[in-house]
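K.L.:
Got a structure for you, written out below as structure tokens; questions coming shortly.
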Amino acid sequence: MKSRRCFNGSVAALVLNCLHASLAIAQVPSDLAAESASTRPGWYLGREIARTMSYHGADWLVRDSREREEQPQMLLDALQLQAGQQVCDFGCGNGYYALRLAALVGPQGKVYAVDIQQEMLELLDSRCQARGISNVEPILATDKDPQLPADELDWVLMVDVYHELSFPSEVLRKIRENLNKEGRLALVEFREEDPSVPIKPLHKMSQVQALKELTANGFKLVGQFDGMPWQHVLFFARDDSQLRSVQLESWTKPNPVASSRQNEAGRSPESVEPADMP
């Protein structure tokens with residue numbers, strides 16, 4: 001009988017502990033529960049994280065067709081960079097954008113070229129040396145920290161790289177520290193909403209998903225540019241910035257006539273890069 005009483009007491013204690021645990025779980029706010037679920041390896045806030053592109057594919061970043069497909073000058077014009085600014089090309093690869101940014105901020109400005117692959121930075125450095133560019137500083141980042149100075153950057157540009165970050169929340173919170181109070185983050189990603197964009201689904205992002213992830217990490221939307229052929233461009237600032245926040249305008253596919261005219265305009269002589277800039 002004694003052993004039965006001990007057994008019954010153990011069962012009662014186990015049931016009581018389970019009830020306490022259930023009550024504790026029920027009291028967890030739904031947003032925190034969602035956050036906890038989103039941090040499982042390879043996923044963030046309901047999005048599967050893509051694998052980082054290897055330096056072995058670096059030639060694809062400077063392919064001849066990229067100018068026509070992405071029209072990078074449209075993005076650079078939208079940034080409205082000023083001479084002397086401190087900017088970052090985050091996930092710079094072999095420098096497709098870093099070299100262009102260097103020309104726009106001029107010798108008094110600086111480009112922090114960040115990548116997690118030393119091989120990419122070596123390719124970037126070779127291109128800078130060949131062109132006599134001295135205002136680009138290559139930085140080898142970790143997968144959680146871009147190793148950038150605090151409260152200094154006017155712009156951080158992330159082109160088709162954010163969706164590959166293994167630890168997006170940690171990186172975003174670091175970038176928030178790196179931006180100055182008026183600094184902005186330009187997030188550029190291939191449109192998930194547009195099935196005609198010939199990119200694998202895992203390497204696309206929707207506007208709504210991007211907004212959800214950025215606002216969860218201390219950013220606010222301060223602008224957007226929808227003129228790129230394949231990509232969204234969303235502008236974010238620190239949520240304590242004096243810059244005015246705006247509402248997201250959902251992307252809609254342009255009519256074929258307008259799209260055709262825009263593409264023709266994008267091929268105008270003003271948007272053509274120098275011959276030595278692939």
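Ordered as shown in the structure tokens, chains take letters A, B, and onward, while each chain numbers its residues from 1 and ligands are numbered from 1 in the order shown.
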Write down as number ranges by chain the residues of segment 51-156 of chain A whose backbone DSSP state falls under alpha helix (DSSP H).

P.N.:
A: 58-61, 66-70, 72-79, 98-105, 118-131

K.L.:
If you count only C-alpha atoms, which residues fall within 7 Å of segment 131-138 of chain A, apart from same-chain ones fewer than 3 positions away, as a list in words?

P.N.:
Ala102, Pro107, Gly109, Lys110, Val111, Tyr112, Ala113, Val114, Leu121, Arg127 and Cys128 of chain A

K.L.:
Could you save the residues just selected, with N, CA and C atoms, as a tab-separated table (two decimals), in the first residue's frame?

P.N.:
```tsv
chain	number	residue	atom	x	y	z
A	102	ALA	N	31.89	54.03	-54.80
A	102	ALA	CA	33.12	54.78	-54.56
A	102	ALA	C	33.21	56.01	-55.43
A	107	PRO	N	36.49	61.05	-53.31
A	107	PRO	CA	37.67	60.80	-52.47
A	107	PRO	C	37.48	61.19	-51.01
A	109	GLY	N	34.68	60.70	-49.43
A	109	GLY	CA	33.76	59.72	-48.87
A	109	GLY	C	34.45	58.37	-48.71
A	110	LYS	N	33.69	57.41	-48.23
A	110	LYS	CA	34.27	56.09	-47.99
A	110	LYS	C	33.22	55.01	-48.20
A	111	VAL	N	33.67	53.89	-48.76
A	111	VAL	CA	32.81	52.72	-48.95
A	111	VAL	C	33.36	51.58	-48.12
A	112	TYR	N	32.58	51.12	-47.17
A	112	TYR	CA	32.93	49.91	-46.42
A	112	TYR	C	32.34	48.73	-47.19
A	113	ALA	N	33.22	47.89	-47.72
A	113	ALA	CA	32.79	46.74	-48.52
A	113	ALA	C	32.85	45.49	-47.66
A	114	VAL	N	31.68	44.98	-47.29
A	114	VAL	CA	31.58	43.91	-46.30
A	114	VAL	C	31.20	42.59	-46.96
A	121	LEU	N	36.51	39.25	-51.07
A	121	LEU	CA	37.21	40.51	-50.78
A	121	LEU	C	38.51	40.62	-51.56
A	127	ARG	N	40.13	44.35	-58.23
A	127	ARG	CA	39.41	45.27	-59.13
A	127	ARG	C	39.67	46.72	-58.73
A	128	CYS	N	39.72	46.98	-57.42
A	128	CYS	CA	40.00	48.34	-56.96
A	128	CYS	C	41.40	48.78	-57.37
```

K.L.:
Counting only C-alpha atoms, which of A:Met158, A:Met74, A:Leu221, A:Leu187 gets nearest to Cys92 of chain A?

P.N.:
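Closest residue, counting only C-alpha atoms: A:Met158.
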
K.L.:
Contacts of Arg173 of chain A at 9 Å or less, counting only C-alpha atoms, minus same-chain residues fewer than 4 places along, as a list in words?

P.N.:
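The residues satisfying every condition are Pro168, Ser169, Glu177, Asn178, Asn217 and Gly218 of chain A.
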
K.L.:
Now that the selection is made, can you save its residues with C-alpha atoms as a PDB file, in the first residue's frame?

P.N.:
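This is the output file again-v3.pdb:
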```
ATOM      1  CA  PRO A 168      19.215  38.049 -39.951  1.00  0.00           C
ATOM      2  CA  SER A 169      18.082  39.405 -36.585  1.00  0.00           C
ATOM      3  CA  GLU A 177      23.936  50.435 -34.393  1.00  0.00           C
ATOM      4  CA  ASN A 178      26.146  51.255 -37.393  1.00  0.00           C
ATOM      5  CA  ASN A 217      14.448  44.567 -35.438  1.00  0.00           C
ATOM      6  CA  GLY A 218      14.187  48.286 -34.765  1.00  0.00           C
TER       7      GLY A 218
END
```

K.L.:
Which is closest to Leu243 of chain A among A:Lys181, A:Arg68, A:His56, A:Arg51, if we use only C-alpha atoms?

P.N.:
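Going through A:Lys181, A:Arg68, A:His56, A:Arg51 one by one, the smallest distance to Leu243 of chain A is for A:Lys181.
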
K.L.:
Assign secondary structure with DSSP using the backbone only, and return the residues of segment 114-249 of chain A in strand (DSSP E) as number ranges by chain.

P.N.:
A: 114-115, 136-140, 153-159, 179-191, 204-205, 219-225, 231-238

K.L.:
Store the residues of this selection in a file with C-alpha atoms, as a PDB file, in the first residue's frame.

P.N.:
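Produced file part.pdb, reproduced below:
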```
ATOM      1  CA  VAL A 114      31.577  43.909 -46.296  1.00  0.00           C
ATOM      2  CA  ASP A 115      31.555  40.200 -47.056  1.00  0.00           C
ATOM      3  CA  VAL A 136      36.990  51.341 -50.574  1.00  0.00           C
ATOM      4  CA  GLU A 137      37.794  49.473 -47.362  1.00  0.00           C
ATOM      5  CA  PRO A 138      37.249  45.697 -47.528  1.00  0.00           C
ATOM      6  CA  ILE A 139      35.912  44.243 -44.265  1.00  0.00           C
ATOM      7  CA  LEU A 140      35.711  40.549 -43.438  1.00  0.00           C
ATOM      8  CA  LEU A 153      27.051  55.266 -41.779  1.00  0.00           C
ATOM      9  CA  ASP A 154      24.846  57.375 -44.028  1.00  0.00           C
ATOM     10  CA  TRP A 155      23.791  54.397 -46.144  1.00  0.00           C
ATOM     11  CA  VAL A 156      23.901  50.619 -46.029  1.00  0.00           C
ATOM     12  CA  LEU A 157      23.132  48.956 -49.360  1.00  0.00           C
ATOM     13  CA  MET A 158      22.091  45.295 -49.396  1.00  0.00           C
ATOM     14  CA  VAL A 159      21.505  43.981 -52.914  1.00  0.00           C
ATOM     15  CA  LEU A 179      23.757  53.755 -39.002  1.00  0.00           C
ATOM     16  CA  ASN A 180      23.755  57.348 -37.852  1.00  0.00           C
ATOM     17  CA  LYS A 181      20.472  58.950 -36.776  1.00  0.00           C
ATOM     18  CA  GLU A 182      19.686  60.036 -40.343  1.00  0.00           C
ATOM     19  CA  GLY A 183      21.226  56.979 -41.987  1.00  0.00           C
ATOM     20  CA  ARG A 184      19.251  54.630 -44.187  1.00  0.00           C
ATOM     21  CA  LEU A 185      19.292  50.997 -45.200  1.00  0.00           C
ATOM     22  CA  ALA A 186      18.406  50.207 -48.811  1.00  0.00           C
ATOM     23  CA  LEU A 187      17.068  46.669 -49.023  1.00  0.00           C
ATOM     24  CA  VAL A 188      17.019  45.293 -52.573  1.00  0.00           C
ATOM     25  CA  GLU A 189      15.511  41.867 -53.249  1.00  0.00           C
ATOM     26  CA  PHE A 190      14.054  40.034 -56.237  1.00  0.00           C
ATOM     27  CA  ARG A 191      10.249  40.256 -56.265  1.00  0.00           C
ATOM     28  CA  LYS A 204      13.131  36.090 -53.731  1.00  0.00           C
ATOM     29  CA  MET A 205      11.389  38.094 -51.000  1.00  0.00           C
ATOM     30  CA  PHE A 219      13.658  49.748 -38.244  1.00  0.00           C
ATOM     31  CA  LYS A 220      10.884  51.753 -39.874  1.00  0.00           C
ATOM     32  CA  LEU A 221      10.011  52.126 -43.546  1.00  0.00           C
ATOM     33  CA  VAL A 222      10.854  55.607 -44.847  1.00  0.00           C
ATOM     34  CA  GLY A 223      10.517  55.103 -48.606  1.00  0.00           C
ATOM     35  CA  GLN A 224      10.430  52.728 -51.532  1.00  0.00           C
ATOM     36  CA  PHE A 225      11.342  52.641 -55.215  1.00  0.00           C
ATOM     37  CA  GLN A 231      13.666  43.957 -57.733  1.00  0.00           C
ATOM     38  CA  HIS A 232      11.980  45.709 -54.836  1.00  0.00           C
ATOM     39  CA  VAL A 233      13.854  48.622 -53.258  1.00  0.00           C
ATOM     40  CA  LEU A 234      12.747  49.470 -49.719  1.00  0.00           C
ATOM     41  CA  PHE A 235      14.343  52.225 -47.650  1.00  0.00           C
ATOM     42  CA  PHE A 236      14.532  51.825 -43.872  1.00  0.00           C
ATOM     43  CA  ALA A 237      15.829  53.973 -41.022  1.00  0.00           C
ATOM     44  CA  ARG A 238      16.316  53.399 -37.325  1.00  0.00           C
TER      45      ARG A 238
END
```

K.L.:
What's around Asp143 of chain A at 12 Å? Count only C-alpha atoms, leave out sequence neighbours fewer than 5 positions away in its own chain, and write the answer as an mmCIF file with C-alpha atoms, in the first residue's frame.

P.N.:
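result_25.cif written:
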```cif
data_model
loop_
_atom_site.group_PDB
_atom_site.id
_atom_site.type_symbol
_atom_site.label_atom_id
_atom_site.label_comp_id
_atom_site.auth_asym_id
_atom_site.auth_seq_id
_atom_site.Cartn_x
_atom_site.Cartn_y
_atom_site.Cartn_z
ATOM 1 C CA THR A 52 25.004 31.912 -49.224
ATOM 2 C CA PHE A 90 26.877 44.839 -47.444
ATOM 3 C CA GLY A 91 27.530 41.493 -49.101
ATOM 4 C CA VAL A 114 31.577 43.909 -46.296
ATOM 5 C CA ASP A 115 31.555 40.200 -47.056
ATOM 6 C CA ILE A 116 31.907 36.960 -45.089
ATOM 7 C CA GLN A 117 34.134 35.336 -47.734
ATOM 8 C CA TYR A 162 19.622 39.815 -47.038
ATOM 9 C CA GLU A 164 20.924 34.656 -47.466
ATOM 10 C CA LEU A 165 21.849 35.884 -43.969
ATOM 11 C CA SER A 166 22.109 32.943 -41.586
ATOM 12 C CA PHE A 167 21.362 35.198 -38.609
ATOM 13 C CA PRO A 168 19.215 38.049 -39.951
ATOM 14 C CA SER A 169 18.082 39.405 -36.585
ATOM 15 C CA GLU A 170 21.602 39.653 -35.182
ATOM 16 C CA VAL A 171 22.905 41.333 -38.335
ATOM 17 C CA LEU A 172 20.032 43.821 -38.506
ATOM 18 C CA LYS A 174 24.222 45.482 -35.633
#
```

K.L.:
In Å, how far is it from atom CA of Ala50 of chain A to atom CA of Pro201 of chain A?

P.N.:
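So the two atoms, atom CA of Ala50 of chain A and atom CA of Pro201 of chain A, lie 9.6 Å apart.
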
K.L.:
Between atom CA of Pro72 of chain A and atom CA of Leu211 of chain A, what is the distance in Å, rounded to a tenth?

P.N.:
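Here the two named atoms are 22.5 Å from each other.
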
K.L.:
Could you jot down the atom CA of Trp251 of chain A to atom CA of Pro229 of chain A separation for me, Å, one decimal place?

P.N.:
12.0 Å
